[in-house]
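Novice: The structure file model.txt (compact mmCIF, C-alpha atoms) is provided below.
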```txt
# COMPACT_ATOMS: atom_id res chain seq x y z
CA MET C 1 6.31 18.39 14.35
CA ASN C 2 9.53 19.71 15.87
CA VAL C 3 11.57 16.73 17.02
CA ARG C 4 12.55 18.44 20.27
CA TYR C 5 9.02 17.67 21.49
CA ALA C 6 9.36 13.96 20.75
CA GLN C 7 9.31 11.46 23.60
CA SER C 8 11.72 8.54 23.27
CA LEU C 9 10.41 5.17 24.41
CA VAL C 10 11.98 1.72 24.51
CA LEU C 11 10.23 -1.66 24.31
CA ASP C 12 12.26 -4.86 24.53
CA GLY C 13 15.37 -2.89 23.64
CA VAL C 14 13.78 -1.28 20.54
CA SER C 15 13.56 2.52 20.67
CA PHE C 16 10.93 4.71 18.99
CA GLN C 17 9.38 8.15 19.32
CA LEU C 18 5.96 9.62 20.08
CA LYS C 19 4.74 13.14 20.82
CA GLU C 20 3.56 11.95 24.24
CA ARG C 21 4.32 8.92 26.37
CA HIS C 22 1.80 6.09 26.08
CA ASP C 23 1.07 2.83 27.90
CA PHE C 24 1.97 -0.21 25.80
CA LYS C 25 1.87 -2.85 28.55
CA TRP C 26 -0.86 -4.65 26.60
CA LEU C 27 1.75 -5.51 23.95
CA ASN C 28 3.29 -8.06 26.32
CA ASP C 29 0.46 -10.47 25.50
CA PHE C 30 1.57 -10.56 21.85
CA GLY C 31 5.23 -11.36 22.47
CA GLU C 32 8.54 -9.55 22.24
CA VAL C 33 8.92 -6.43 20.12
CA PHE C 34 11.67 -6.70 17.49
CA CYS C 35 10.91 -3.63 15.35
CA VAL C 36 8.75 -0.48 15.39
CA PHE C 37 7.35 1.63 12.54
CA ASP C 38 6.73 5.01 14.13
CA LYS C 39 7.13 7.52 11.26
CA GLN C 40 3.80 7.09 9.43
CA ASP C 41 1.56 10.13 9.02
CA SER C 42 -1.62 8.04 9.37
CA GLY C 43 -1.82 8.29 13.16
CA ASN C 44 -0.95 4.60 13.50
CA ILE C 45 2.15 3.02 14.97
CA SER C 46 3.08 -0.58 14.12
CA PHE C 47 5.12 -3.18 16.00
CA GLY C 48 6.78 -6.35 14.79
CA VAL C 49 6.38 -8.88 17.61
CA GLN C 50 7.39 -12.49 18.11
CA LYS C 51 5.95 -15.11 20.45
CA GLY C 52 7.71 -18.43 20.22
CA ASN C 53 8.22 -19.06 16.51
CA VAL C 54 5.28 -16.90 15.45
CA LYS C 55 5.73 -13.33 14.23
CA SER C 56 2.92 -10.78 13.93
CA LEU C 57 2.49 -7.16 12.93
CA ILE C 58 0.51 -5.09 15.41
CA LYS C 59 -1.02 -1.88 14.02
CA TYR C 60 -2.25 0.49 16.74
CA ALA C 61 -4.17 3.78 16.77
CA GLY C 62 -4.57 5.86 19.92
CA ALA C 63 -1.06 7.20 20.58
CA GLN C 64 0.20 10.65 19.58
CA THR C 65 2.53 9.63 16.75
CA ILE C 66 5.23 12.10 15.70
CA ASN C 67 4.15 12.70 12.09
CA TYR C 68 0.39 12.85 12.63
CA ALA C 69 -1.24 16.24 13.03
CA GLY C 70 -4.77 14.97 13.70
CA ASP C 71 -6.72 13.74 16.70
CA PRO C 72 -5.89 10.17 17.79
CA LYS C 73 -9.65 9.57 18.07
CA GLU C 74 -9.93 10.11 14.32
CA ALA C 75 -7.07 7.65 13.75
CA ILE C 76 -8.91 5.11 15.91
CA LYS C 77 -12.08 5.59 13.87
CA LYS C 78 -10.19 5.02 10.59
CA LEU C 79 -8.47 1.90 11.89
CA LYS C 80 -11.81 0.45 12.99
CA ASN C 81 -13.13 1.08 9.48
CA ALA C 82 -9.99 -0.54 8.06
CA LYS C 83 -10.84 -3.78 9.89
CA VAL C 84 -13.93 -4.12 7.68
CA VAL C 85 -11.96 -3.33 4.51
CA TYR C 86 -9.32 -6.00 5.20
CA LYS C 87 -12.02 -8.59 5.85
CA GLU C 88 -14.00 -7.77 2.71
CA LEU C 89 -10.92 -7.58 0.48
CA GLU C 90 -9.18 -10.66 1.90
CA HIS C 91 -6.94 -12.13 -0.79
CA PRO C 92 -3.70 -14.14 -1.05
CA TYR C 93 -1.87 -11.01 -2.27
CA LEU C 94 -3.03 -8.87 0.67
CA VAL C 95 -1.39 -9.09 4.11
CA LYS C 96 -3.65 -11.26 6.28
CA LEU C 97 -5.65 -9.74 9.13
CA ILE C 98 -5.94 -12.33 11.89
CA ASP C 99 -7.40 -10.47 14.87
CA HIS C 100 -8.44 -7.13 16.34
CA LEU C 101 -8.64 -5.72 19.83
CA GLU C 102 -10.40 -2.72 21.36
CA LEU C 103 -8.56 -1.09 24.26
CA ARG C 104 -9.48 1.70 26.65
CA GLU C 105 -7.14 4.14 24.88
CA GLY C 106 -6.97 2.73 21.38
CA PHE C 107 -7.64 0.07 18.77
CA VAL C 108 -5.47 -2.78 17.46
CA LEU C 109 -5.30 -4.78 14.25
CA VAL C 110 -3.17 -7.94 14.29
CA PHE C 111 -1.69 -9.15 11.00
CA GLU C 112 0.19 -12.26 10.02
CA TRP C 113 3.82 -11.25 9.55
CA PHE C 114 5.09 -11.12 5.98
CA ASP C 115 8.85 -11.11 5.62
CA GLY C 116 9.05 -8.47 2.90
CA LEU C 117 10.54 -5.00 2.54
CA ASN C 118 8.64 -1.85 1.65
CA ILE C 119 9.69 -0.71 -1.82
CA GLN C 120 8.71 2.96 -1.41
CA LYS C 121 11.06 5.23 -3.36
CA ASN C 122 14.07 6.16 -1.27
CA VAL C 123 17.16 8.23 -1.96
CA GLU C 124 19.43 5.63 -0.35
CA LEU C 125 21.19 3.46 -2.90
CA ASN C 126 20.82 0.38 -0.72
CA SER C 127 17.11 0.92 -0.20
CA ALA C 128 14.56 -1.76 -1.03
CA CYS C 129 13.34 0.44 -3.89
CA HIS C 130 16.79 0.49 -5.45
CA ARG C 131 17.17 -3.27 -4.95
CA PHE C 132 13.81 -3.86 -6.55
CA LYS C 133 14.63 -1.75 -9.61
CA GLU C 134 17.80 -3.84 -10.03
CA LEU C 135 15.78 -7.08 -10.28
CA PRO C 136 15.39 -8.74 -13.69
CA LEU C 137 12.54 -7.31 -15.74
CA GLU C 138 10.59 -10.57 -15.59
CA LEU C 139 10.42 -10.47 -11.78
CA ARG C 140 9.28 -6.86 -11.76
CA LEU C 141 6.58 -7.60 -14.32
CA GLN C 142 5.52 -10.56 -12.20
CA SER C 143 5.21 -8.20 -9.24
CA LEU C 144 3.07 -5.83 -11.31
CA SER C 145 0.79 -8.68 -12.37
CA THR C 146 0.29 -9.51 -8.70
CA ILE C 147 -0.64 -5.88 -7.98
CA PHE C 148 -3.01 -5.68 -10.94
CA GLU C 149 -4.69 -8.99 -10.14
CA PHE C 150 -5.36 -7.86 -6.58
CA HIS C 151 -6.95 -4.65 -7.82
CA VAL C 152 -9.18 -6.58 -10.20
CA HIS C 153 -10.34 -8.33 -7.03
CA VAL C 154 -10.86 -4.92 -5.37
CA GLU C 155 -12.96 -3.77 -8.32
CA LYS C 156 -15.05 -6.96 -8.37
CA ASN C 157 -15.83 -6.40 -4.69
CA ASN C 158 -17.20 -2.92 -5.42
CA TYR C 159 -14.28 -1.00 -3.87
CA VAL C 160 -11.92 1.67 -5.16
CA ALA C 161 -8.29 2.05 -4.11
CA ILE C 162 -7.47 5.20 -2.16
CA ASP C 163 -3.93 6.08 -1.01
CA PHE C 164 -2.34 3.34 -3.12
CA TYR C 165 1.33 3.99 -3.88
CA ASP C 166 4.72 2.24 -3.77
CA GLY C 167 4.65 2.46 0.04
CA SER C 168 1.74 0.00 -0.13
CA ILE C 169 3.95 -2.73 -1.62
CA LEU C 170 6.05 -5.30 0.23
CA TYR C 171 8.53 -7.51 -1.59
CA ASP C 172 10.19 -10.67 -0.29
CA PHE C 173 13.57 -10.72 -2.06
CA LYS C 174 14.29 -14.32 -1.01
CA GLN C 175 11.10 -15.86 -2.39
CA ASN C 176 10.25 -13.16 -4.97
CA ILE C 177 6.76 -12.66 -3.58
CA THR C 178 4.81 -9.39 -3.62
CA LYS C 179 2.06 -8.41 -1.19
CA ILE C 180 -0.06 -5.30 -0.67
CA CYS C 181 0.17 -4.07 2.91
CA ASP C 182 -2.01 -0.98 3.24
CA VAL C 183 -5.64 -0.79 2.11
CA ASP C 184 -6.90 1.11 5.16
CA LEU C 185 -8.50 3.92 3.14
CA TYR C 186 -10.00 1.90 0.27
CA GLN C 187 -13.65 2.88 -0.16
CA VAL C 188 -16.91 1.27 -1.23
CA LYS C 189 -18.26 2.59 -4.54
CA PRO C 190 -19.62 5.06 -5.35
CA PHE C 191 -17.03 7.32 -3.72
CA TYR C 192 -16.66 11.07 -4.28
CA ASN C 193 -13.76 13.31 -3.42
CA GLN C 194 -14.99 15.40 -0.51
CA ILE C 195 -11.74 17.07 0.59
CA GLY C 196 -9.91 18.23 -2.57
CA ARG C 197 -6.49 16.62 -2.40
CA LEU C 198 -7.04 13.05 -1.31
CA TRP C 199 -4.57 11.00 0.70
CA GLY C 200 -1.66 9.49 -1.18
CA SER C 201 1.52 10.16 -3.13
CA SER C 202 1.04 12.61 -6.00
CA ARG C 203 3.24 10.36 -8.17
CA PHE C 204 0.37 7.87 -8.36
CA MET C 205 -2.69 10.12 -8.23
CA SER C 206 -5.11 10.98 -11.02
CA LEU C 207 -6.42 14.49 -11.60
CA GLU C 208 -9.75 13.62 -9.99
CA GLU C 209 -7.93 12.72 -6.77
CA PHE C 210 -7.07 16.42 -6.50
CA THR C 211 -10.50 17.70 -7.57
CA LEU C 212 -13.34 18.35 -5.13
CA ALA C 213 -16.58 16.46 -5.84
CA SER C 214 -15.01 14.23 -8.51
CA GLU C 215 -16.01 10.59 -8.55
CA ILE C 216 -13.17 8.17 -7.80
CA ASP C 217 -13.89 5.05 -9.79
CA GLY C 218 -12.42 2.36 -12.03
CA ARG C 219 -10.85 4.90 -14.38
CA SER C 220 -9.15 6.52 -11.38
CA ASN C 221 -7.71 3.18 -10.32
CA VAL C 222 -6.61 2.48 -13.89
CA PHE C 223 -4.48 5.61 -13.56
CA ASN C 224 -3.04 4.25 -10.28
CA MET C 225 -2.14 0.98 -11.98
CA GLY C 226 -0.50 2.73 -14.94
CA ALA C 227 1.47 5.00 -12.64
CA MET C 228 2.68 1.94 -10.71
CA ALA C 229 3.79 0.34 -13.98
CA PHE C 230 5.89 3.40 -14.78
CA ALA C 231 7.32 3.38 -11.25
CA LEU C 232 8.47 -0.25 -11.42
CA VAL C 233 9.54 -0.68 -15.05
CA GLY C 234 9.80 2.90 -16.28
CA GLY C 235 10.90 6.35 -15.23
CA THR C 236 8.16 7.04 -12.65
CA LEU C 237 7.11 10.60 -13.54
CA ASP C 238 9.20 10.49 -16.72
CA ARG C 239 6.63 8.56 -18.71
CA SER C 240 8.46 8.73 -22.02
CA SER C 241 9.31 5.61 -23.98
CA ASP C 242 13.01 6.35 -23.38
CA THR C 243 12.79 5.18 -19.76
CA TRP C 244 10.45 2.24 -20.39
CA GLU C 245 11.98 -1.24 -20.15
CA ALA C 246 9.14 -3.58 -21.15
CA GLY C 247 8.53 -3.20 -24.89
CA ARG C 248 6.39 -1.01 -27.11
CA GLU C 249 3.06 -2.81 -26.61
CA LEU C 250 3.12 -2.69 -22.81
CA TYR C 251 4.27 0.92 -22.99
CA GLN C 252 1.16 1.80 -24.99
CA VAL C 253 -1.05 0.04 -22.43
CA ALA C 254 0.58 1.89 -19.51
CA LYS C 255 0.51 5.21 -21.39
CA LYS C 256 -3.23 4.90 -22.07
CA ALA C 257 -3.81 4.12 -18.38
CA VAL C 258 -2.26 7.42 -17.24
CA GLU C 259 -4.05 9.74 -19.66
CA LYS C 260 -4.96 13.01 -17.93
CA ASN C 261 -8.36 12.93 -19.62
CA ARG C 262 -10.11 10.14 -17.75
CA ASN C 263 -12.32 9.38 -20.75
CA ASN C 264 -9.23 8.33 -22.70
CA ARG C 265 -8.22 5.70 -20.14
CA TYR C 266 -9.44 2.12 -19.88
CA ALA C 267 -12.90 2.05 -18.34
CA SER C 268 -11.95 -0.42 -15.60
CA VAL C 269 -9.02 -2.19 -14.02
CA ILE C 270 -10.34 -5.41 -15.55
CA ASP C 271 -10.15 -3.91 -19.04
CA PHE C 272 -6.66 -2.59 -18.37
CA TYR C 273 -5.37 -5.88 -16.96
CA THR C 274 -6.93 -7.93 -19.76
CA GLU C 275 -4.97 -5.98 -22.35
CA TRP C 276 -1.84 -5.96 -20.18
CA LYS C 277 -1.95 -9.76 -19.90
CA PHE C 278 -2.33 -10.12 -23.66
CA TYR C 279 1.02 -8.40 -24.24
CA VAL C 280 2.88 -9.50 -21.10
CA LYS C 281 2.51 -13.22 -21.90
CA GLU C 282 5.69 -13.16 -23.97
CA TYR C 283 7.63 -12.54 -20.75
CA GLY C 284 5.97 -15.42 -18.93
CA THR C 285 5.20 -13.12 -16.01
CA TYR C 286 1.83 -14.05 -14.63
CA PRO C 287 1.75 -13.94 -10.82
CA PRO C 288 3.20 -16.96 -9.02
CA GLU C 289 0.84 -19.53 -7.57
CA LYS C 290 -1.19 -17.97 -4.78
CA VAL C 291 0.38 -18.40 -1.36
```
Any chance you could put this one into structure tokens?

Specialist:
Amino acid sequence: MNVRYAQSLVLDGVSFQLKERHDFKWLNDFGEVFCVFDKQDSGNISFGVQKGNVKSLIKYAGAQTINYAGDPKEAIKKLKNAKVVYKELEHPYLVKLIDHLELREGFVLVFEWFDGLNIQKNVELNSACHRFKELPLELRLQSLSTIFEFHVHVEKNNYVAIDFYDGSILYDFKQNITKICDVDLYQVKPFYNQIGRLWGSSRFMSLEEFTLASEIDGRSNVFNMGAMAFALVGGTLDRSSDTWEAGRELYQVAKKAVEKNRNNRYASVIDFYTEWKFYVKEYGTYPPEKV
């Protein structure tokens, strides 16, 4: 979208952009806006709001967001489906859905606020991604164990992860806590690729996520987990041992997870995480007590 067509709006002194103006008077009931996330390509716009001492994240579909090329009605449909996913996958390591609201022009999910930063890869040296990669290895491995444990939970609940990437991870640098923030497109198994290139970052996607009619299953999610391991303690797409920071045994586990031939990967996230835990124990990096 050409930015000259963007409409600038201001709520409680916080500015953001949409393709078209939209009525957000309903937000007043949730408190004062202190931040806006308006650049997503999902069709959603999110608001950090505060009422008294309570902060919440409001995710809304129905407005014409600047980086979304689709119909807002489709975004509304997906967000309604996401409500079910968040309820069925509720977990201490997933941001907590606390309410939802249907409006005349859109749909709202209300989440408990988590005071973490998104660690999506960023070129800025002071970005949360850069800060995260500067953390001690033990803390980064602890974060990975949190991610893997949540996806074991996903697998046990008969779901597969779709559109999982580093932009799905929040990290609280003060308390060293990791949470997953975006499971909107996770799907009930069995799930087959019906569009060719699925949603997501290619850095974390298996071959079947680019292949029409392929089944997306546990082996696909094993690839996602291995790719995340290389992103957080390795060289991301440089998956050589030269960039790996966590020892030979864990390198072999991660390397097997990202095999192009799906039959050469672990059969499930549970199998992958079981072997990962066997070798990671020397670092003492199991997830912290559930919060």

Novice: Taking only C-alpha atoms into account, which of C:Ser143, C:Gln17, C:Asn264, C:Thr65 comes nearest Ala231 (chain C)?

Specialist: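 Comparing C:Ser143, C:Gln17, C:Asn264, C:Thr65 against Ala231 (chain C), the winner is C:Ser143.
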
Novice: Could you name the residues that touch region 92-98 of chain C at 10 Å or less, counting only C-alpha atoms, but leaving out those on the same chain fewer than 3 positions away, as a PyMOL selection string?

Specialist: chain C and resi 56-58+83+86-87+89+109-114+146-147+149-151+169-170+177-183+287+289-291

Novice: Could you check how far CA of Phe16 (chain C) sits from CA of Asn81 (chain C), in Å to one decimal?

Specialist: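 Taking CA of Phe16 (chain C) and CA of Asn81 (chain C), their separation equals 26.1 Å.
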
Novice: Taking only C-alpha atoms into account, which of C:Gln64, C:Ser201, C:Ser127, C:Asn221 comes nearest Ala161 (chain C)?

Specialist: C:Asn221

Novice: For region 102-114 of chain C, I'd like the enclosing box, axis-aligned and padded by 3 Å on every side, reported as lines of an AutoDock Vina configuration file with centre and edge lengths in Å to one decimal.

Specialist:
```
center_x = -2.7
center_y = -4.1
center_z = 16.3
size_x = 21.5
size_y = 22.4
size_z = 26.7
```

Novice: For each of C:Arg262, C:His153, C:His22, C:Lys77, take the minimum atom-to-atom distance to Arg219 (chain C), counting all atoms listed in the file, then give the residue where this is smallest.

Specialist: C:Arg262

Novice: Rounded to one decimal, what separation in Å do you get between CA of Lys121 (chain C) and CA of Leu135 (chain C)?

Specialist: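 Interatomic distance, CA of Lys121 (chain C) to CA of Leu135 (chain C): 14.9 Å.
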
Novice: For CA of Thr236 (chain C) and CA of Phe204 (chain C), determine how far apart the two atoms are, in Å to one decimal place.

Specialist: 8.9 Å

Novice: C:Ala63, C:Val152, C:Asn193, C:Ile162: which is nearest Asp271 (chain C), counting all atoms listed in the file?

Specialist: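 Closest candidate: C:Val152.
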
Novice: In terms of the shortest atom-to-atom distance over only C-alpha atoms, which of C:Phe148, C:Phe272, C:Phe132, C:Tyr251 is closest to Gln120 (chain C)?

Specialist: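 Selected residue with least distance to Gln120 (chain C): C:Phe132.
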
Novice: Of the candidates C:Leu232, C:Val33, C:Leu101, C:Ala227, which one gets nearest to Arg131 (chain C) if we count only C-alpha atoms?

Specialist: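 Closest candidate: C:Leu232.
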
Novice: Residues proximal to (-3.9, 12.7, 12.8) were defined as those with any atom within 10 Å of that point in the file's coordinates, counting all atoms listed in the file. Which are they, as a PDB file with C-alpha atoms, in the coordinates of the input?

Specialist:
```pdb
ATOM      1  CA  ASP C  41       1.560  10.130   9.020  1.00  0.00           C
ATOM      2  CA  SER C  42      -1.620   8.040   9.370  1.00  0.00           C
ATOM      3  CA  GLY C  43      -1.820   8.290  13.160  1.00  0.00           C
ATOM      4  CA  ASN C  44      -0.950   4.600  13.500  1.00  0.00           C
ATOM      5  CA  ALA C  61      -4.170   3.780  16.770  1.00  0.00           C
ATOM      6  CA  GLY C  62      -4.570   5.860  19.920  1.00  0.00           C
ATOM      7  CA  ALA C  63      -1.060   7.200  20.580  1.00  0.00           C
ATOM      8  CA  GLN C  64       0.200  10.650  19.580  1.00  0.00           C
ATOM      9  CA  THR C  65       2.530   9.630  16.750  1.00  0.00           C
ATOM     10  CA  ILE C  66       5.230  12.100  15.700  1.00  0.00           C
ATOM     11  CA  ASN C  67       4.150  12.700  12.090  1.00  0.00           C
ATOM     12  CA  TYR C  68       0.390  12.850  12.630  1.00  0.00           C
ATOM     13  CA  ALA C  69      -1.240  16.240  13.030  1.00  0.00           C
ATOM     14  CA  GLY C  70      -4.770  14.970  13.700  1.00  0.00           C
ATOM     15  CA  ASP C  71      -6.720  13.740  16.700  1.00  0.00           C
ATOM     16  CA  PRO C  72      -5.890  10.170  17.790  1.00  0.00           C
ATOM     17  CA  LYS C  73      -9.650   9.570  18.070  1.00  0.00           C
ATOM     18  CA  GLU C  74      -9.930  10.110  14.320  1.00  0.00           C
ATOM     19  CA  ALA C  75      -7.070   7.650  13.750  1.00  0.00           C
ATOM     20  CA  ILE C  76      -8.910   5.110  15.910  1.00  0.00           C
TER      21      ILE C  76
END
```

Novice: Residues at most 10 Å from Lys256 (chain C), counting all atoms listed in the file, excluding those fewer than 2 positions away in the same chain, as a list in words?

Specialist: Val222, Phe223, Gly226, Leu250, Tyr251, Gln252, Val253, Ala254, Val258, Glu259, Lys260, Asn261, Arg262, Asn264, Arg265, Tyr266 and Phe272 of chain C

Novice: Counting only C-alpha atoms, select every polymer residue within 10 Å of (12.1, 0.4, 18.8) as defined in the file's coordinates, and provide the selection as a list of chain:residue names.

Specialist: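 The requested residues, written out, are C:Ser8, C:Leu9, C:Val10, C:Leu11, C:Asp12, C:Gly13, C:Val14, C:Ser15, C:Phe16, C:Gln17, C:Val33, C:Phe34, C:Cys35, C:Val36, C:Phe37, C:Asp38, C:Phe47, C:Gly48.
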